[in-house]
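The data block below is structure-v2.cif; it holds mmCIF, C-alpha atoms.
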```cif
data_structure
#
loop_
_atom_site.label_atom_id
_atom_site.label_comp_id
_atom_site.auth_asym_id
_atom_site.auth_seq_id
_atom_site.Cartn_x
_atom_site.Cartn_y
_atom_site.Cartn_z
CA MET A 262 30.74 30.61 -61.09
CA LEU A 263 32.26 27.18 -61.66
CA GLN A 264 31.46 26.05 -58.13
CA ARG A 265 27.78 26.64 -58.79
CA ARG A 266 27.87 24.10 -61.61
CA THR A 267 30.36 21.44 -60.51
CA LYS A 268 32.79 20.36 -57.82
CA VAL A 269 36.00 22.39 -58.14
CA PHE A 270 39.39 21.50 -56.67
CA TYR A 271 42.32 23.87 -56.29
CA THR A 272 45.85 22.52 -55.82
CA VAL A 273 47.87 24.63 -53.37
CA HIS A 274 51.58 24.43 -54.09
CA ASP A 275 52.82 26.97 -51.53
CA LEU A 276 50.42 28.32 -48.92
CA PHE A 277 53.03 30.97 -48.09
CA ALA A 278 55.42 32.51 -50.61
CA HIS A 279 59.08 31.47 -50.50
CA GLU A 280 62.06 33.79 -50.14
CA LYS A 281 62.80 35.43 -53.49
CA VAL A 282 65.05 38.15 -54.92
CA TYR A 283 63.43 39.83 -57.91
CA LYS A 284 65.27 41.02 -60.99
CA ASN A 285 63.51 44.39 -60.82
CA THR A 286 60.56 46.17 -59.21
CA LEU A 287 58.26 45.56 -62.18
CA ILE A 288 58.68 41.77 -61.98
CA ARG A 289 58.08 41.92 -58.23
CA LEU A 290 54.87 43.92 -58.76
CA LEU A 291 53.63 41.62 -61.52
CA ARG A 292 54.28 38.58 -59.34
CA LYS A 293 52.46 40.18 -56.43
CA VAL A 294 49.39 41.08 -58.50
CA LEU A 295 49.24 38.28 -61.07
CA VAL A 296 50.31 35.37 -58.87
CA GLU A 297 50.12 35.94 -55.11
CA TYR A 298 46.92 38.00 -55.09
CA ARG A 299 45.07 35.62 -57.41
CA VAL A 300 46.31 32.52 -55.58
CA ASN A 301 45.16 33.83 -52.21
CA TYR A 302 41.82 34.86 -53.74
CA ILE A 303 41.20 31.35 -55.08
CA ILE A 304 42.32 29.64 -51.87
CA ARG A 305 39.90 31.72 -49.78
CA ARG A 306 36.96 30.92 -52.07
CA SER A 307 37.61 27.27 -52.93
CA HIS A 308 35.70 24.59 -51.07
CA ASN A 309 38.16 21.81 -51.98
CA LEU A 310 41.92 22.22 -51.58
CA VAL A 311 44.64 19.72 -52.56
CA THR A 312 48.31 19.61 -51.54
CA CYS A 313 51.27 17.25 -51.94
CA SER A 314 52.91 18.32 -48.66
CA TYR A 315 51.76 16.44 -45.57
CA ALA A 316 52.94 19.24 -43.26
CA GLN A 317 51.04 21.76 -45.37
CA TYR A 318 48.03 19.44 -45.39
CA GLU A 319 47.92 19.42 -41.59
CA LEU A 320 48.34 23.21 -41.49
CA MET A 321 45.60 23.81 -44.05
CA LYS A 322 43.19 21.60 -42.13
CA SER A 323 43.71 23.73 -39.02
CA ILE A 324 43.47 27.05 -40.90
CA PHE A 325 40.47 26.03 -43.02
CA PRO A 326 38.36 23.72 -40.82
CA ASN A 327 35.29 24.18 -43.03
CA LYS A 328 37.02 23.21 -46.28
CA ASN A 329 37.63 19.78 -47.75
CA VAL A 330 41.44 19.48 -47.67
CA CYS A 331 43.05 16.53 -49.51
CA PHE A 332 46.56 15.12 -49.72
CA HIS A 333 48.40 12.97 -52.23
CA ASN A 334 52.08 12.17 -52.73
CA PHE A 335 54.16 14.35 -55.04
CA PRO A 336 54.69 12.54 -58.35
CA SER A 337 58.13 11.47 -59.51
CA LEU A 338 60.05 13.76 -61.86
CA ILE A 339 61.25 10.68 -63.73
CA THR A 340 59.46 10.55 -67.09
CA ALA A 341 60.00 8.32 -70.10
CA SER A 342 62.10 11.03 -71.78
CA VAL A 343 64.21 11.44 -68.63
CA LYS A 344 64.84 7.69 -68.43
CA SER A 345 65.81 7.32 -72.07
CA GLY A 346 67.53 10.68 -72.49
CA ASN A 347 71.02 10.53 -73.95
CA THR A 348 71.65 14.17 -74.87
CA VAL A 349 75.15 15.25 -73.88
CA ILE A 350 75.41 18.62 -72.18
CA PRO A 351 77.93 20.69 -74.15
CA GLU A 352 78.92 22.82 -71.16
CA LEU A 353 80.16 19.66 -69.39
CA HIS A 354 82.30 18.22 -72.18
CA GLY A 355 85.08 16.25 -70.50
CA ILE A 356 83.88 17.15 -66.99
CA THR A 357 82.70 14.41 -64.60
CA ASP A 358 82.71 13.61 -60.89
CA TYR A 359 81.28 17.02 -59.95
CA LEU A 360 79.07 18.38 -57.19
CA LEU A 361 75.67 19.17 -58.68
CA PHE A 362 72.93 21.64 -57.90
CA PHE A 363 70.00 21.17 -60.25
CA GLY A 364 66.87 23.30 -60.38
CA GLN A 365 65.55 26.78 -60.95
CA VAL A 366 67.94 29.32 -59.45
CA GLU A 367 65.92 30.82 -56.59
CA GLN A 368 66.81 32.39 -53.25
CA TYR A 369 64.75 29.90 -51.24
CA LYS A 370 66.76 27.05 -52.74
CA GLY A 371 69.89 28.41 -51.07
CA VAL A 372 72.06 28.49 -54.19
CA HIS A 373 74.03 31.39 -52.69
CA ILE A 374 74.86 29.25 -49.65
CA LEU A 375 76.30 26.49 -51.82
CA TYR A 376 78.17 28.95 -54.06
CA ASN A 377 79.74 30.97 -51.22
CA THR A 378 80.62 27.88 -49.20
CA TYR A 379 82.27 26.28 -52.21
CA LEU A 380 84.41 29.35 -52.95
CA ARG A 381 85.43 29.58 -49.31
CA TYR A 382 86.40 25.90 -48.98
CA ALA A 383 87.35 25.06 -52.59
CA ASP A 384 90.79 23.82 -51.53
CA GLU A 385 89.20 21.27 -49.21
CA ILE A 386 86.53 20.11 -51.66
CA LYS A 387 88.65 19.77 -54.81
CA ARG A 388 85.84 18.57 -57.09
CA PRO A 389 84.13 20.94 -59.58
CA LEU A 390 80.77 22.51 -58.76
CA VAL A 391 78.02 22.56 -61.39
CA ILE A 392 74.99 24.83 -60.93
CA ALA A 393 72.46 23.81 -63.57
CA GLY A 394 69.14 25.52 -64.14
CA LYS A 395 67.60 28.70 -65.43
CA GLY A 396 66.73 31.70 -63.29
CA HIS A 397 68.00 35.06 -62.09
CA ILE A 398 71.42 34.77 -60.43
CA TYR A 399 70.49 36.94 -57.49
CA PHE A 400 73.77 36.79 -55.55
CA LYS A 401 77.09 38.53 -56.15
CA ARG A 402 79.53 36.38 -58.07
CA GLU A 403 83.31 36.32 -57.62
CA VAL A 404 84.26 35.35 -61.15
CA ALA A 405 88.00 35.43 -60.44
CA LYS A 406 87.54 32.54 -57.98
CA GLU A 407 85.28 30.45 -60.22
CA GLY A 408 87.95 28.29 -61.79
CA GLN A 409 86.11 25.10 -60.83
CA VAL A 410 82.54 26.47 -60.93
CA ILE A 411 80.39 25.81 -64.01
CA PHE A 412 77.11 27.70 -64.42
CA ILE A 413 74.61 26.21 -66.87
CA ASN A 414 72.12 29.05 -66.47
CA ARG A 415 69.45 27.85 -68.87
CA TYR A 416 66.54 25.47 -69.16
CA ILE A 417 67.68 21.85 -68.86
CA ALA A 418 65.69 19.59 -71.16
CA ASP A 419 64.37 16.22 -69.95
CA GLU A 420 66.67 14.47 -72.42
CA GLU A 421 69.72 16.07 -70.70
CA ILE A 422 68.87 15.12 -67.11
CA LYS A 423 70.15 11.54 -67.25
CA CYS A 424 73.55 12.70 -68.48
CA LEU A 425 73.65 15.49 -65.90
CA PHE A 426 73.05 13.17 -62.95
CA SER A 427 74.84 10.03 -64.13
CA GLN A 428 78.16 11.87 -64.35
CA ALA A 429 77.84 13.67 -61.00
CA TYR A 430 79.68 12.70 -57.81
CA CYS A 431 76.75 13.84 -55.67
CA SER A 432 73.79 16.23 -55.76
CA ILE A 433 73.35 19.02 -53.22
CA PHE A 434 70.11 20.76 -52.22
CA PRO A 435 70.89 23.65 -49.80
CA TYR A 436 67.28 24.86 -49.54
CA ILE A 437 66.38 27.58 -47.03
CA SER A 438 62.72 26.58 -47.13
CA GLY A 439 60.52 24.17 -49.02
CA THR A 440 56.95 22.97 -49.19
CA GLN A 441 56.62 20.23 -51.76
CA SER A 442 58.76 18.93 -54.59
CA GLY A 443 59.75 15.73 -56.33
CA ILE A 444 63.36 16.89 -56.69
CA LEU A 445 64.83 14.01 -54.67
CA SER A 446 63.28 11.50 -57.05
CA LEU A 447 66.10 12.37 -59.48
CA PRO A 448 69.19 11.45 -57.39
CA TYR A 449 67.33 8.53 -55.82
CA PHE A 450 66.39 7.06 -59.21
CA PHE A 451 69.81 7.60 -60.78
CA LYS A 452 71.55 6.32 -57.62
CA ILE A 453 73.50 9.50 -56.96
CA PRO A 454 74.31 10.39 -53.30
CA SER A 455 72.39 13.45 -52.13
CA ILE A 456 73.20 16.05 -49.49
CA VAL A 457 70.32 18.17 -48.18
CA SER A 458 69.85 21.01 -45.71
CA ASP A 459 68.27 20.24 -42.34
CA ILE A 460 64.93 21.97 -42.98
CA PRO A 461 61.65 20.18 -42.09
CA PHE A 462 60.78 19.77 -45.77
CA PHE A 463 63.73 17.45 -46.36
CA GLU A 464 63.48 15.81 -42.95
CA SER A 465 60.02 14.58 -43.95
CA MET A 466 61.29 12.86 -47.12
CA THR A 467 64.79 11.61 -46.24
CA VAL A 468 66.42 9.35 -43.71
CA ASN A 469 69.68 10.96 -42.58
CA ASN A 470 72.75 8.81 -43.21
CA VAL A 471 70.55 6.20 -44.91
CA THR A 472 68.95 7.77 -48.01
CA SER A 473 70.68 11.18 -47.86
CA LEU A 474 73.20 13.11 -45.80
CA SER A 475 72.00 16.22 -43.98
CA PHE A 476 73.97 19.36 -43.12
CA GLY A 477 73.23 22.28 -40.81
CA LEU A 478 71.87 25.23 -42.74
CA ASN A 479 73.45 27.64 -40.25
CA ASP A 480 76.79 25.83 -40.34
CA PRO A 481 78.25 25.94 -43.87
CA ALA A 482 81.35 24.08 -42.72
CA SER A 483 79.13 21.08 -42.03
CA LEU A 484 78.30 20.96 -45.76
CA VAL A 485 82.00 20.63 -46.55
CA LYS A 486 82.30 17.91 -43.93
CA ARG A 487 79.40 16.00 -45.48
CA ILE A 488 80.90 16.24 -48.97
CA ASN A 489 84.22 14.88 -47.76
CA GLU A 490 82.52 12.16 -45.72
CA LEU A 491 81.26 10.61 -48.94
CA ASP A 492 84.80 9.43 -49.63
CA ASP A 493 84.79 7.46 -46.39
CA LEU A 494 81.21 6.15 -46.43
CA SER A 495 79.87 3.13 -48.25
CA ILE A 496 78.33 5.10 -51.11
CA GLU A 497 76.74 1.99 -52.58
CA GLU A 498 74.61 1.56 -49.45
CA LEU A 499 73.52 5.19 -49.66
CA LYS A 500 72.66 4.82 -53.36
CA ASN A 501 70.72 1.60 -52.85
CA SER A 502 68.77 2.98 -49.88
CA GLY A 503 67.80 6.03 -51.93
CA TYR A 504 66.62 3.84 -54.78
CA LEU A 505 64.53 1.68 -52.42
CA TYR A 506 62.98 4.88 -51.03
CA TYR A 507 62.17 5.91 -54.59
CA GLU A 508 60.43 2.61 -55.36
CA LYS A 509 58.35 2.83 -52.19
CA ASN A 510 57.39 6.51 -52.18
CA TYR A 511 57.09 7.29 -55.89
CA ASP A 512 55.05 4.24 -56.80
CA SER A 513 52.70 5.21 -59.66
CA LYS A 514 49.99 2.72 -58.63
CA ALA A 515 49.81 4.17 -55.11
CA LEU A 516 49.63 7.70 -56.51
CA ARG A 517 46.91 6.71 -58.96
CA SER A 518 44.88 5.25 -56.10
CA GLN A 519 45.23 8.48 -54.11
CA LEU A 520 44.15 10.59 -57.08
CA VAL A 521 41.12 8.41 -57.79
CA GLU A 522 40.06 8.69 -54.15
CA ILE A 523 40.30 12.50 -54.28
CA TYR A 524 38.85 13.23 -57.69
CA HIS A 525 36.29 10.46 -58.14
CA PRO A 526 32.83 12.07 -58.61
CA GLN A 527 31.46 10.17 -55.61
CA SER A 528 34.30 11.06 -53.21
CA GLY A 529 33.96 13.64 -50.47
#
```
Translate the structure described by the file into structure tokens.
Amino acid sequence: MLQRRTKVFYTVHDLFAHEKVYKNTLIRLLRKVLVEYRVNYIIRRSHNLVTCSYAQYELMKSIFPNKNVCFHNFPSLITASVKSGNTVIPELHGITDYLLFFGQVEQYKGVHILYNTYLRYADEIKRPLVIAGKGHIYFKREVAKEGQVIFINRYIADEEIKCLFSQAYCSIFPYISGTQSGILSLPYFFKIPSIVSDIPFFESMTVNNVTSLSFGLNDPASLVKRINELDDLSIEELKNSGYLYYEKNYDSKALRSQLVEIYHPQSG
């Protein structure tokens, strides 16, 4: 009905659903009906589709040749409240120099890979592991071995993010899959070394050994190697390269220009 009256755009976050373990069958059913079915319905019927993933943009153009498909960069996650935040995280009182996973706990983000690898090689890693973010912990925990593992399984407020990252040794993103996200804007802005899995999503937004270190998703031992390599690398160069990447790729003026081009009444 809207499309009869005006030009309607629909932003596609994930064309295909990510891997996910559901808390129970009811939540799985609700997600299927209330999210996936409705999303696919809207995608099929929308004339104008928008995405922040260039790979997904190219794929959507090939799948929907008769639709107007648009692309713009993913915005930075750095907001004014993130920049100025000074809220101390109570769960990390007295704890610094840790390995950090930050984000919603989801299967596709590979949290289980990081957790299991850390427990297996804890003697070689030596630093604490912090897993910060809300979500269903879908994997089996070995609490008896979690002496150096800190779960902050709750929503992390913007005002807490600066403290969370500024005290970390490095941030780790062991994603199994990914489409689009501004997650790397956080370690890049706060000049924290980042280690990412070798999936195409990260390959499109990092430069291995320059802005981030990459490890083999099918070789957990390579994650341990990358963590330990940080002690031998010039971390300052890695931090500075990440920050330069941030300034170039998360520029608000460039994003504003892209948005105006897409959504201006005379465009397309």
Sphere at (74.3, 37.4, -55.1), radius 12 Å, counting all atoms listed in the file: residues as a PyMOL selection string: chain A and resi 281-284+366-368+371-377+397-404
Explicit residues for the PyMOL selection byres ((chain A and resi 416-429) around 6) (as a PyMOL selection string): chain A and resi 342-343+346+348+357-359+394-395+415+430-431
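By only C-alpha atoms, and with residues fewer than 3 positions from Ser446 in chain A along its chain excluded, the set lying at most 8 Å from it is Ser337, Leu338, Ile339, Gly443, Tyr449, Phe450, Tyr507 and Tyr511 of chain A.
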Would you save the residues of that selection, restricted to C-alpha atoms, as a PDB file, in the frame of the given file?
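Saved file selection12.pdb follows:
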```pdb
ATOM      1  CA  SER A 337      58.130  11.470 -59.510  1.00  0.00           C
ATOM      2  CA  LEU A 338      60.050  13.760 -61.860  1.00  0.00           C
ATOM      3  CA  ILE A 339      61.250  10.680 -63.730  1.00  0.00           C
ATOM      4  CA  GLY A 443      59.750  15.730 -56.330  1.00  0.00           C
ATOM      5  CA  TYR A 449      67.330   8.530 -55.820  1.00  0.00           C
ATOM      6  CA  PHE A 450      66.390   7.060 -59.210  1.00  0.00           C
ATOM      7  CA  TYR A 507      62.170   5.910 -54.590  1.00  0.00           C
ATOM      8  CA  TYR A 511      57.090   7.290 -55.890  1.00  0.00           C
TER       9      TYR A 511
END
```
Between CA of Arg266 in chain A and CA of Asn327 in chain A, distance in Å (one decimal):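 If I compute the distance from CA of Arg266 in chain A to CA of Asn327 in chain A, I get 20.0 Å.
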Non-local contacts of Ala383 in chain A (12 Å; only C-alpha atoms; under 3 positions in same chain excluded) as a PyMOL selection string: chain A and resi 360+375-380+386-390+406-410+482+485+488-489
What does the file look like for those residues with C-alpha atoms, as a PDB file, keeping the file's coordinate frame?
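Writing done, so here's part.pdb:
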```pdb
ATOM      1  CA  LEU A 360      79.070  18.380 -57.190  1.00  0.00           C
ATOM      2  CA  LEU A 375      76.300  26.490 -51.820  1.00  0.00           C
ATOM      3  CA  TYR A 376      78.170  28.950 -54.060  1.00  0.00           C
ATOM      4  CA  ASN A 377      79.740  30.970 -51.220  1.00  0.00           C
ATOM      5  CA  THR A 378      80.620  27.880 -49.200  1.00  0.00           C
ATOM      6  CA  TYR A 379      82.270  26.280 -52.210  1.00  0.00           C
ATOM      7  CA  LEU A 380      84.410  29.350 -52.950  1.00  0.00           C
ATOM      8  CA  ILE A 386      86.530  20.110 -51.660  1.00  0.00           C
ATOM      9  CA  LYS A 387      88.650  19.770 -54.810  1.00  0.00           C
ATOM     10  CA  ARG A 388      85.840  18.570 -57.090  1.00  0.00           C
ATOM     11  CA  PRO A 389      84.130  20.940 -59.580  1.00  0.00           C
ATOM     12  CA  LEU A 390      80.770  22.510 -58.760  1.00  0.00           C
ATOM     13  CA  LYS A 406      87.540  32.540 -57.980  1.00  0.00           C
ATOM     14  CA  GLU A 407      85.280  30.450 -60.220  1.00  0.00           C
ATOM     15  CA  GLY A 408      87.950  28.290 -61.790  1.00  0.00           C
ATOM     16  CA  GLN A 409      86.110  25.100 -60.830  1.00  0.00           C
ATOM     17  CA  VAL A 410      82.540  26.470 -60.930  1.00  0.00           C
ATOM     18  CA  ALA A 482      81.350  24.080 -42.720  1.00  0.00           C
ATOM     19  CA  VAL A 485      82.000  20.630 -46.550  1.00  0.00           C
ATOM     20  CA  ILE A 488      80.900  16.240 -48.970  1.00  0.00           C
ATOM     21  CA  ASN A 489      84.220  14.880 -47.760  1.00  0.00           C
TER      22      ASN A 489
END
```
Neighbour residues at most 8 Å from (51.3, 36.8, -49.5) (all atoms listed in the file) as a PyMOL selection string: chain A and resi 277-278+293+297-298+301
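For the residues A:Gln264, A:Ser518, A:Ser513, A:Ser483, ranking by smallest atom-to-atom distance to Thr340 in chain A using all atoms listed in the file places A:Ser513 first.
Between CA of Leu447 in chain A and CA of Ser345 in chain A there is a distance of 13.6 Å.
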